[in-house]
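Trainee: Have a look at the structure that comes next, please.
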Amino acid sequence: MKPLTLRRVLWSCALLAAVLLGIVLLALRLGAVPFSFGDLGQNLWWLVSGQRQKISTDFRLIMVDIRLPRILLGIVVGAALSVAGAGFQALLRNPLADPYVLGVSSGAALGAILALLAAPAIPLMTPAAAFLGAAATIAGVYFLGRRQGQLDSGTLLLAGIVMASFLSAMIMFLMTTLASRELRGISFWLMGDLSTSLPRGLLWVLIVGFLIAAGAILTTASDLNVLLAGEREAMHLGVDVTRVKLVVYISASVLTGLAVSVSGAIGYVGLLVPHVMRMFFGSDYRLLIPTSALGGAIAIVLADTLARTLIAPTELPVGAMTAMAGAPVFIYLLRRRLA
Amino acid sequence: MTWRDDLSLCCTIFIKDTRRRIHLALTCAFLVRWLFVWGIAPFVLIGAAGAQAMPQENQTASPSRIEVKDETGRTVTIPQPVRRIVSLAPSVTETLFALGAGDRVVGDTDFCDYPPEAKRKTHIGGPVSPSVEAIAALHPDLVVATREINRPDSVRALEQLGIAVYATDPQTVEQVLTSSERLGELLGTAEAGRLLTANLRRRLSEIDRRLAGLLPKRVLMIVWLDPLMSVGRSAFLDDALRRAGAHSVIDSPQSWPTIDLEQVVRLQPDYLIISNDNARQVQRELTELQERPGWRQLEAVRNRRFIVVSEAMSHPSPRLVDGIEQLARALYPSAFSSDAVFFRASSRNCRGTMVARISQPFFSLPQPGGCL
């Protein structure tokens with residue numbers, strides 16, 4: 001394995017950022033309302049160069065007010081889910097770990113449903129409750145997953161899976177027994193959905209929250225590399241295992257809570273993107289975390305573009321797209337590894 | 001280690017470890033900043049710039065506006081006159097056309113198929129997942145939604161773009177009429193609305209007159225087959241059944257409750273009612289259903305007491321009255337047999353209606369894309 005240099009980190013990230021930029025341009029171009037690349041380029045140039053009065057009303061309405069915020073949301077959500085997935089995988093030393101598998105997404109969904117039942121009229125109540133639900137689930141899984149005061153990877157993963165199915169059952173129970181009409185459409189949200197438009201302030205909170213939590217995981221990257229060899233070994237090499245685990249656990253949970261509270265339960269991204277990035281760029285966490293963030297953003301923006309355009313003007317939930325594309329890719333990766 | 005220790009650890013972790021991590025963080029900081037500056041910031045700035053530019057435009061768009069409360073209690077500011085309307089549900093489209101505002105409808109959903117002109121309008125997606133940008137591109141003065149099938153999320157997203165969204169929420173036949181009347185007022189077709197509802201009210205009281213003194217028949221309305229769904233007492237359909245002299249055997253607080261077949265067998269409804277226009281689909285469902293155990297236990301199935309009414313019955317639009325008339329005629333043929341004129345008038349709008357005691361049982365899955 002080549003030693004990791006700053007140059008290599010930069011070049012890898014630059015490559016992925018270029019791909020992301022291409023995908024973003026494509027996502028801007030495609031949609032229920034067609035625009036040509038020429039129009040797109042010209043209007044974007046006017047936008048950047050400050051000649052805003054020249055921009056057509058349609059372009060402003062559809063590109064600037066609808067597509068751009070949605071793409072931006074997709075970037076942040078995808079990056080957050082992937083970094084969280086990479087974090088959980090290192091933490092549990094289990095390639096199957098991912099926010100979706102650990103039940104965090106279901107917890108957030110239950111929180112959102114309870115909020116809709118209790119106070120449907122209050123704005124922002126749903127994302128807030130989803131975040132609380134995610135946090136509560138994480139706390140629950142964390143305490144269930146401990147054995148003799150230690151975090152045990154296998155127990156934690158099992159606790160997550162059990163929690164996920166329990167919470168899903170609760171959701172099903174609520175949805176079939178309660179008479180609330182507010183629940184209509186929740187199943188769409190349960191599949192993961194980026195079509196909800198957020199107040200701009202919330203988007204900023206999301207971005208800042210992502211940078212802080214992802215940054216915290218990044219600071220533990222070299223410790224995570226050592227941790228991959230085993231906890232005992234890491235401890236002997238002078239890594240404060242408990243602290244590293246806590247930092248990663250909390251940060252990854254915050255990332256998941258943020259993502260799920262605005263976009264519902266999008267599966268497969270947190271699981272798959274880190275694996276793909278490992279294949280391309282190796283498993284050094286100092287490189288894996290930034291590349292996962294960019295890769296996750298690429299994956300979600302791409303999936304959401306497909307979800308918007310495949311049967312336009314009707315939209316698919318983005319979670320359905322990620323699962324449809326993600327499951328075969330995952331099987332392929334699995335077979336390749338076995339072969 | 002107790003959970004308290006964990007908690008204090010997690011609180012102090014960022015403080016205690018700071019020094020050791022600072023140099024690492026610094027190495028990474030420029031990476032993150034770089035990502036932010038080149039990858040994200042331009043888009044945020046563009047978005048913010050666009051957001052500031054938007055409101056100025058809307059103010060010049062229309063000369064006058066009125067502020068109304070819609071049926072879900074939201075306050076909506078609607079530009080006057082309303083020239084361009086987007087409908088988010090089949091029932092809304094039907095209502096708009098019935099009010100004579102059909103030519104002002106610039107967009108509707110993939111499922112809007114009545115009247116036939118509705119199919120030729122620009123489609124903006126399904127009622128549950130419409131494309132917001134497709135709606136915005138049509139520059140509507142007003143979007144009409146219905147709480148029954150549209151998502152609050154869609155309404156919020158449109159609101160944020162400064163598009164007026166009026167939501168209807170009729171839960172009884174009477175509310176379907178008043179809702180149509182109110183919509184007529186908003187669209188400047190108040191006179192047409194009053195004429196429409198006056199006519200519908202006359203037809204409804206005619207049905208009431210003919211059914212006066214007759215005992216209601218106990219029915220099971222089959223809204224969906226797999227799983228078996230019927231109507232609860234809060235749905236407009238329950239009230240429509242009552243108006244047609246039918247009493248739903250299902251008594252549930254939910255709008256569209258899922259029902260156990262066992263319960264149906266116990267309640268033994270006199271008639272099974274299906275609302276669907278697609279005869280072929282109904283036929284296919286039937287062959288499959290005849291194989292099923294349990295349904296044979298129903299008196300209504302053994303005696304082939306099935307009624308298929310037009311889809312008008314399952315849409316809370318003015319056409320609902322057609323459905324009520326059909327059902328009433330099917331349930332009480334003798335009460336209507338004397339009046340041929342009435343029969344012609346009421347069946348004019350029905351397509352492929354099959355009425356009462358048909359030789360084979362018919363079942364169907366009405367409401368494409370209805371409740372998710």
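Chains: A, B, ... in order of the structure tokens. Residues: from 1 per chain. Ligands: from 1, in order shown.
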Mind listing the alpha helix (DSSP H) residues of segment 29-276 of chain A, per DSSP on the backbone, as a VMD selection string?
Mentor: chain A and resid 29 37 to 48 57 to 59 68 to 92 104 to 118 125 to 144 153 to 177 186 to 190 200 to 219 221 to 227 231 to 236 241 to 263 269 to 276
Trainee: Excluding same-chain residues fewer than 5 positions from Glu159 of chain B, what lies within 10 Å of it counting only C-alpha atoms, as a list in words?
Mentor: Ser197 of chain A; Val76, Val143, Asp153, Ser154, Ala164 and Val165 of chain B
Trainee: Among segment 16-245 of chain A, which residues carry a DSSP assignment of strand (DSSP E), reported as a VMD selection string?
Mentor: chain A and resid 146 to 147 150 to 151
Trainee: At a cut-off of 12 Å, using only C-alpha atoms, what residues contact Ser165 of chain A? Leave out same-chain residues fewer than 5 positions from it and give the result as a ChimeraX atom specification.
Mentor: /A:100-107,110,158-160,170-172
Trainee: Give me the residues within 7 Å of segment 238-252 of chain A as number ranges by chain, counting only C-alpha atoms and dropping any in the same chain fewer than 2 places off.
Mentor: A: 84, 87-88, 91, 213-214, 216-217, 220, 223, 231, 234-236, 254-256; B: 10, 13
Trainee: What is the distance, in Å and to one decimal place, between atom CA of Asp141 of chain B and atom CA of Gly100 of chain B?
Mentor: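 Distance between the two atoms: 16.9 Å.
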Trainee: So that I can check the surroundings of segment 68-75 of chain A, please list as a list in words every protein, DNA and RNA residue that reaches within 6 Å of it, counting only C-alpha atoms and ignoring chain neighbours fewer than 6 positions away.
Mentor: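 Counting only C-alpha atoms, the residues come to Ala297, Ile300 and Val301 of chain A.
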Trainee: Give me a file of those residues, with N, CA, C and O atoms, as an mmCIF file, in the first residue's frame.
Mentor:
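Printed below is out24.cif as written:
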data_model
loop_
_atom_site.group_PDB
_atom_site.id
_atom_site.type_symbol
_atom_site.label_atom_id
_atom_site.label_comp_id
_atom_site.auth_asym_id
_atom_site.auth_seq_id
_atom_site.Cartn_x
_atom_site.Cartn_y
_atom_site.Cartn_z
ATOM 1 N N ALA A 297 -22.460 12.219 -1.546
ATOM 2 C CA ALA A 297 -23.140 13.332 -2.206
ATOM 3 C C ALA A 297 -23.435 12.978 -3.654
ATOM 4 O O ALA A 297 -24.551 13.186 -4.147
ATOM 5 N N ILE A 300 -26.353 10.334 -3.831
ATOM 6 C CA ILE A 300 -27.709 10.830 -3.561
ATOM 7 C C ILE A 300 -28.184 11.773 -4.654
ATOM 8 O O ILE A 300 -29.333 11.693 -5.099
ATOM 9 N N VAL A 301 -27.311 12.672 -5.103
ATOM 10 C CA VAL A 301 -27.733 13.613 -6.148
ATOM 11 C C VAL A 301 -28.116 12.838 -7.410
ATOM 12 O O VAL A 301 -29.123 13.115 -8.055
#
Trainee: Please identify all polymer residues within 7 Å of Met277 of chain A, counting only C-alpha atoms, omitting same-chain residues fewer than 4 positions from it, and present them as a VMD selection string.
Mentor: chain A and resid 273 281 288 291 to 292
Trainee: Have a look at atom CA of Gln160 of chain B and atom CA of Val128 of chain B and let me know their distance in Å, one decimal.
Mentor: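 It comes out at 18.2 Å.
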Trainee: Tell me which of A:Val64, A:Leu25, A:Ile113, A:Ala169 sits closest to chain B, counting only C-alpha atoms.
Mentor: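 Closest to chain B, using only C-alpha atoms: A:Val64.
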